[in-house]
Amino acid sequence: MTVRIRVIPCLDVRDGRVVKGVNFVDLKDAGDPVEQARAYDAAGADELCFLDISASHEGRGTLLDVVRRTAEVCFMPLTVGGGVRSVEDARALLLAGADKVAVNSAAVSNPQVVRDIAEKMGSQCIVASVDARRVEPGQWEIFTHGGRCATGIDALAHAVRLAELGAGELLVTSMDGDGTRAGYDLELTRAIADAVPVPVVASGGVGTLQHLVEGVTQGHASAVLAASIFHFGHHTIAEAQAALRAAGLPARGQ
Amino acid sequence: MGTLALIDYGAGNLHSVANALKAAGAADVAITADPATVRGAERIVLPGVGSFRACSEGLRACAGLEAALAERVLGAGVPFLGICVGMQLLATRGVEHGITPGLGWIPGEVRLIEPADSTIKVPHMGWNDVRARSHAPLVASGEAYFLHSYHFVADDPAHVLATTSHGAELAAAVGRGNIVGTQFHPEKSQAFGLALLSRFLEWRL
């Protein structure tokens with residue numbers, strides 16, 4: 001076979017607590033990201049993603065502790081994103097036990113930070129986020145602040161630049177699709193995946209297992225990220241991997 | 001079991017590897033760059049994340065470390081495990097960011113993955129097959145997590161202990177005698193990886 005399509009559950013973490021948690025049976029504390037991570041590790045997730053949405057400085061400190069405790073019990077790659085603005089931010093997360101850091105708004109305001117992190121820590125540990133909305137048919141623009149602020153930056157050109165700056169992977173999120181459960185923006189995902197040499201993770205809008213499959217077959221993504229379909233117990237990681245395999249795609253867990 | 005020296009030369013995910021070694025049953029893990037500690041170690045693990053050049057320079061920046069490693073691994077023959085760039089450093093040289101000498105314990109060169117098919121992505125990132133060859137110690141066949149843009153091209157095919165496929169057949173593990181290196185990350189490969197680390201901890205030569 002070939003390298004497997006990765007199924008990546010993403011947890012929103014605020015002040016050290018999971019905002020949307022899955023109802024795994026046997027969890028003592030479903031709001032504890034470490035317990036969640038352990039459950040996803042046991043479930044055979046291919047990677048895990050924490051997105052920190054803490055507004056406060058204290059929340060960031062708590063995050064480092066969460067990452068440290070997660071790395072002690074979780075033996076799969078962990079990506080941590082949210083609020084990474086500098087090499088120092090990235091280093092602190094990596095030292096705490098993250099394997100990759102996702103750079104979101106700083107990749108828009110200061111793309112050079114992507115190069116700085118890649119040069120210091122290696123391309124393999126930097127995931128650059130591309131948060132885009134459709135503005136015309138076949139054209140997307142980078143938006144910040146949860147999709148509220150337009151930047152005037154063309155999403156495809158931005159994605160190509162981030163890969164050139166040394167990002168080892170791109171996390172492509174459709175701000176139109178996020179939270180809608182109507183599926184990824186497949187045209188956006190494919191346009192970027194076909195234009196860059198690095199892997200693309202599809203994100204934003206998953207409501208069904210078929211959406212995951214389409215992210216790969218039509219979006220050309222190397223990995224599929226989802227939140228609510230896993231957290232709310234609609235589907236398991238194993239079901240997601242089985243759906244990919246049923247579509248003839250390489251996935252783990254047979 | 002004796003002390004296991006996990007080499008700290010400024011190259012990355014030490015704590016992930018330490019956590020996994022403990023989960024695999026290691027009782028006494030010393031995270032160290034001290035030549036005297038290395039000389040007293042019964043087992044040695046060399047991790048590595050980042051570029052070949054940065055890791056090679058980091059290793060050589062630790063006074064006396066390379067000599068102590070050679071004495072203990074090549075001289076005394078204690079079990080050695082290199083992981084990712086720690087495996088690549090076993091080569092004669094790497095060509096990432098200019099030609100840099102490696103440890104030269106397993107003759108070969110570390111080169112960029114250049115797939116003929118442009119749909120094959122680099123870095124090679126994610127779970128892929130490990131196909132162990134019949135003579136391989138420690139390494140079993142299964143699925144492991146890979147994350148690399150460069151690969152080990154061994155001069156002697158007998159030093160390739162396992163392979164994987166990403167555009168072409170690539171070395172997934174190399175070794176000779178008491179030395180094993182894995183391109184994949186056992187510390188990030190769930191049960192498959194912990195089982196390998198457990199076998200390393202029990203390895204007798």
# chains A, B, ... in the order shown; residues from 1 in each chain; ligands from 1
$ residues_around --residues "Glu202 (chain B)" --least-positions-apart "5" --cutoff "12 Å" --atoms "only C-alpha atoms" --output "PyMOL selection string"
chain B and resi 1-2+4+21+24-26+42-43+79+137-138+195-197
$ write_last_selection --atoms "all heavy atoms" --output "compact mmCIF listing (two decimals), in the first residue's frame"
# COMPACT_ATOMS: atom_id res chain seq x y z
N MET B 1 18.52 -3.96 34.31
CA MET B 1 18.46 -3.49 32.91
C MET B 1 19.55 -2.45 32.66
O MET B 1 20.04 -2.31 31.55
CB MET B 1 17.07 -2.88 32.67
CG MET B 1 16.72 -2.69 31.22
SD MET B 1 15.09 -1.93 31.07
CE MET B 1 14.02 -3.33 31.29
N GLY B 2 19.99 -1.72 33.68
CA GLY B 2 21.04 -0.72 33.49
C GLY B 2 20.50 0.58 32.94
O GLY B 2 19.36 0.67 32.52
N LEU B 4 19.74 3.57 30.48
CA LEU B 4 19.58 3.85 29.05
C LEU B 4 19.90 5.33 28.87
O LEU B 4 19.31 6.18 29.54
CB LEU B 4 18.15 3.54 28.61
CG LEU B 4 17.85 3.72 27.12
CD1 LEU B 4 16.77 2.75 26.68
CD2 LEU B 4 17.42 5.14 26.78
N LEU B 21 9.58 5.35 25.92
CA LEU B 21 10.47 4.35 26.50
C LEU B 21 9.96 3.91 27.87
O LEU B 21 9.97 2.72 28.20
CB LEU B 21 11.89 4.91 26.62
CG LEU B 21 12.68 4.98 25.30
CD1 LEU B 21 13.92 5.86 25.47
CD2 LEU B 21 13.08 3.59 24.82
N ALA B 24 7.13 1.69 27.50
CA ALA B 24 7.56 0.38 27.00
C ALA B 24 8.29 -0.42 28.08
O ALA B 24 8.70 -1.54 27.83
CB ALA B 24 8.45 0.55 25.78
N GLY B 25 8.50 0.20 29.25
CA GLY B 25 9.07 -0.56 30.36
C GLY B 25 10.45 -0.13 30.83
O GLY B 25 11.02 -0.76 31.72
N ALA B 26 11.00 0.95 30.26
CA ALA B 26 12.34 1.39 30.69
C ALA B 26 12.25 1.96 32.10
O ALA B 26 11.38 2.79 32.39
CB ALA B 26 12.88 2.45 29.73
N GLU B 42 24.05 1.19 29.34
CA GLU B 42 23.89 -0.17 28.83
C GLU B 42 23.15 -0.19 27.49
O GLU B 42 23.21 -1.18 26.76
CB GLU B 42 23.14 -1.03 29.85
CG GLU B 42 23.93 -1.31 31.11
CD GLU B 42 25.28 -1.96 30.80
OE1 GLU B 42 25.32 -2.89 29.98
OE2 GLU B 42 26.30 -1.52 31.37
N ARG B 43 22.40 0.89 27.22
CA ARG B 43 21.69 1.04 25.95
C ARG B 43 21.71 2.51 25.58
O ARG B 43 21.71 3.37 26.48
CB ARG B 43 20.22 0.61 26.06
CG ARG B 43 20.03 -0.87 26.02
CD ARG B 43 18.68 -1.34 26.51
NE ARG B 43 18.93 -2.60 27.21
CZ ARG B 43 19.11 -3.76 26.57
NH1 ARG B 43 18.97 -3.82 25.27
NH2 ARG B 43 19.38 -4.84 27.24
N PRO B 79 23.61 -2.09 22.76
CA PRO B 79 22.50 -1.87 21.83
C PRO B 79 22.26 -0.39 21.58
O PRO B 79 22.23 0.41 22.53
CB PRO B 79 21.30 -2.51 22.54
CG PRO B 79 21.90 -3.55 23.42
CD PRO B 79 23.21 -2.95 23.89
N PRO B 137 16.71 -7.67 13.09
CA PRO B 137 16.42 -7.74 14.52
C PRO B 137 15.45 -6.62 14.89
O PRO B 137 15.40 -5.59 14.20
CB PRO B 137 17.78 -7.51 15.18
CG PRO B 137 18.53 -6.67 14.20
CD PRO B 137 18.00 -7.01 12.83
N LEU B 138 14.71 -6.78 15.94
CA LEU B 138 13.82 -5.75 16.53
C LEU B 138 12.64 -5.33 15.67
O LEU B 138 11.52 -5.18 16.14
CB LEU B 138 14.59 -4.47 16.90
CG LEU B 138 15.78 -4.58 17.84
CD1 LEU B 138 16.27 -3.18 18.18
CD2 LEU B 138 15.43 -5.33 19.10
N ALA B 195 5.86 -1.65 21.04
CA ALA B 195 6.35 -3.04 21.01
C ALA B 195 7.80 -3.08 20.53
O ALA B 195 8.62 -3.83 21.07
CB ALA B 195 5.45 -3.89 20.10
N LEU B 196 8.13 -2.25 19.55
CA LEU B 196 9.52 -2.20 19.07
C LEU B 196 10.45 -1.71 20.18
O LEU B 196 11.52 -2.28 20.41
CB LEU B 196 9.62 -1.30 17.83
CG LEU B 196 10.98 -1.27 17.13
CD1 LEU B 196 10.81 -0.98 15.64
CD2 LEU B 196 11.94 -0.25 17.73
N LEU B 197 10.02 -0.65 20.88
CA LEU B 197 10.85 -0.12 21.97
C LEU B 197 11.01 -1.16 23.07
O LEU B 197 12.09 -1.30 23.66
CB LEU B 197 10.24 1.17 22.51
CG LEU B 197 10.22 2.35 21.53
CD1 LEU B 197 9.52 3.55 22.17
CD2 LEU B 197 11.63 2.73 21.09
$ interface_residues --of "chain A" --to "chain B" --cutoff "9 Å" --atoms "only C-alpha atoms" --output "ChimeraX atom specification"
/A:1-6,41-42,44,46-47,68,71-77,94-99,118-125,168-169,194,196-199,222-223,251-252
$ residues_around --residues "Val95 (chain B)" --least-positions-apart "3" --cutoff "6 Å" --atoms "only C-alpha atoms" --output "PyMOL selection string"
chain B and resi 98-99+111
$ write_last_selection --atoms "N, CA and C atoms" --output "PDB file, in the first residue's frame"
ATOM      1  N   GLY B  98      23.439  21.452   2.013  1.00  0.00           N
ATOM      2  CA  GLY B  98      24.882  21.272   1.826  1.00  0.00           C
ATOM      3  C   GLY B  98      25.321  19.916   2.352  1.00  0.00           C
ATOM      4  N   ILE B  99      26.501  19.476   1.906  1.00  0.00           N
ATOM      5  CA  ILE B  99      26.989  18.146   2.308  1.00  0.00           C
ATOM      6  C   ILE B  99      27.556  18.208   3.726  1.00  0.00           C
ATOM      7  N   ARG B 111      19.493  11.437   1.176  1.00  0.00           N
ATOM      8  CA  ARG B 111      19.118  12.280   0.037  1.00  0.00           C
ATOM      9  C   ARG B 111      17.648  12.676   0.095  1.00  0.00           C
TER      10      ARG B 111
END
$ residues_around --residues "region 231-247 of chain A" --least-positions-apart "4" --cutoff "12 Å" --atoms "only C-alpha atoms" --output "ChimeraX atom specification"
/A:1,4-12,18-25,30-31,33,36-37,39-48,206-218,222-227,251-254
$ select_by_dssp --residues "region 156-212 of chain A" --states "strand (DSSP E)" --output "count of residues only"
10
$ closest_residue --among "B:Gly86, B:Gly102, B:Pro35, B:Gly48" --to "Leu69 (chain B)" --atoms "only C-alpha atoms"
B:Pro35
$ select_by_dssp --residues "region 65-119 of chain B" --states "alpha helix (DSSP H)" --output "MDAnalysis selection string"
chainID B and resid 65:70 85:88
$ residues_around --residues "Gly94 (chain B)" --least-positions-apart "4" --cutoff "10 Å" --atoms "only C-alpha atoms" --output "count of residues only"
20
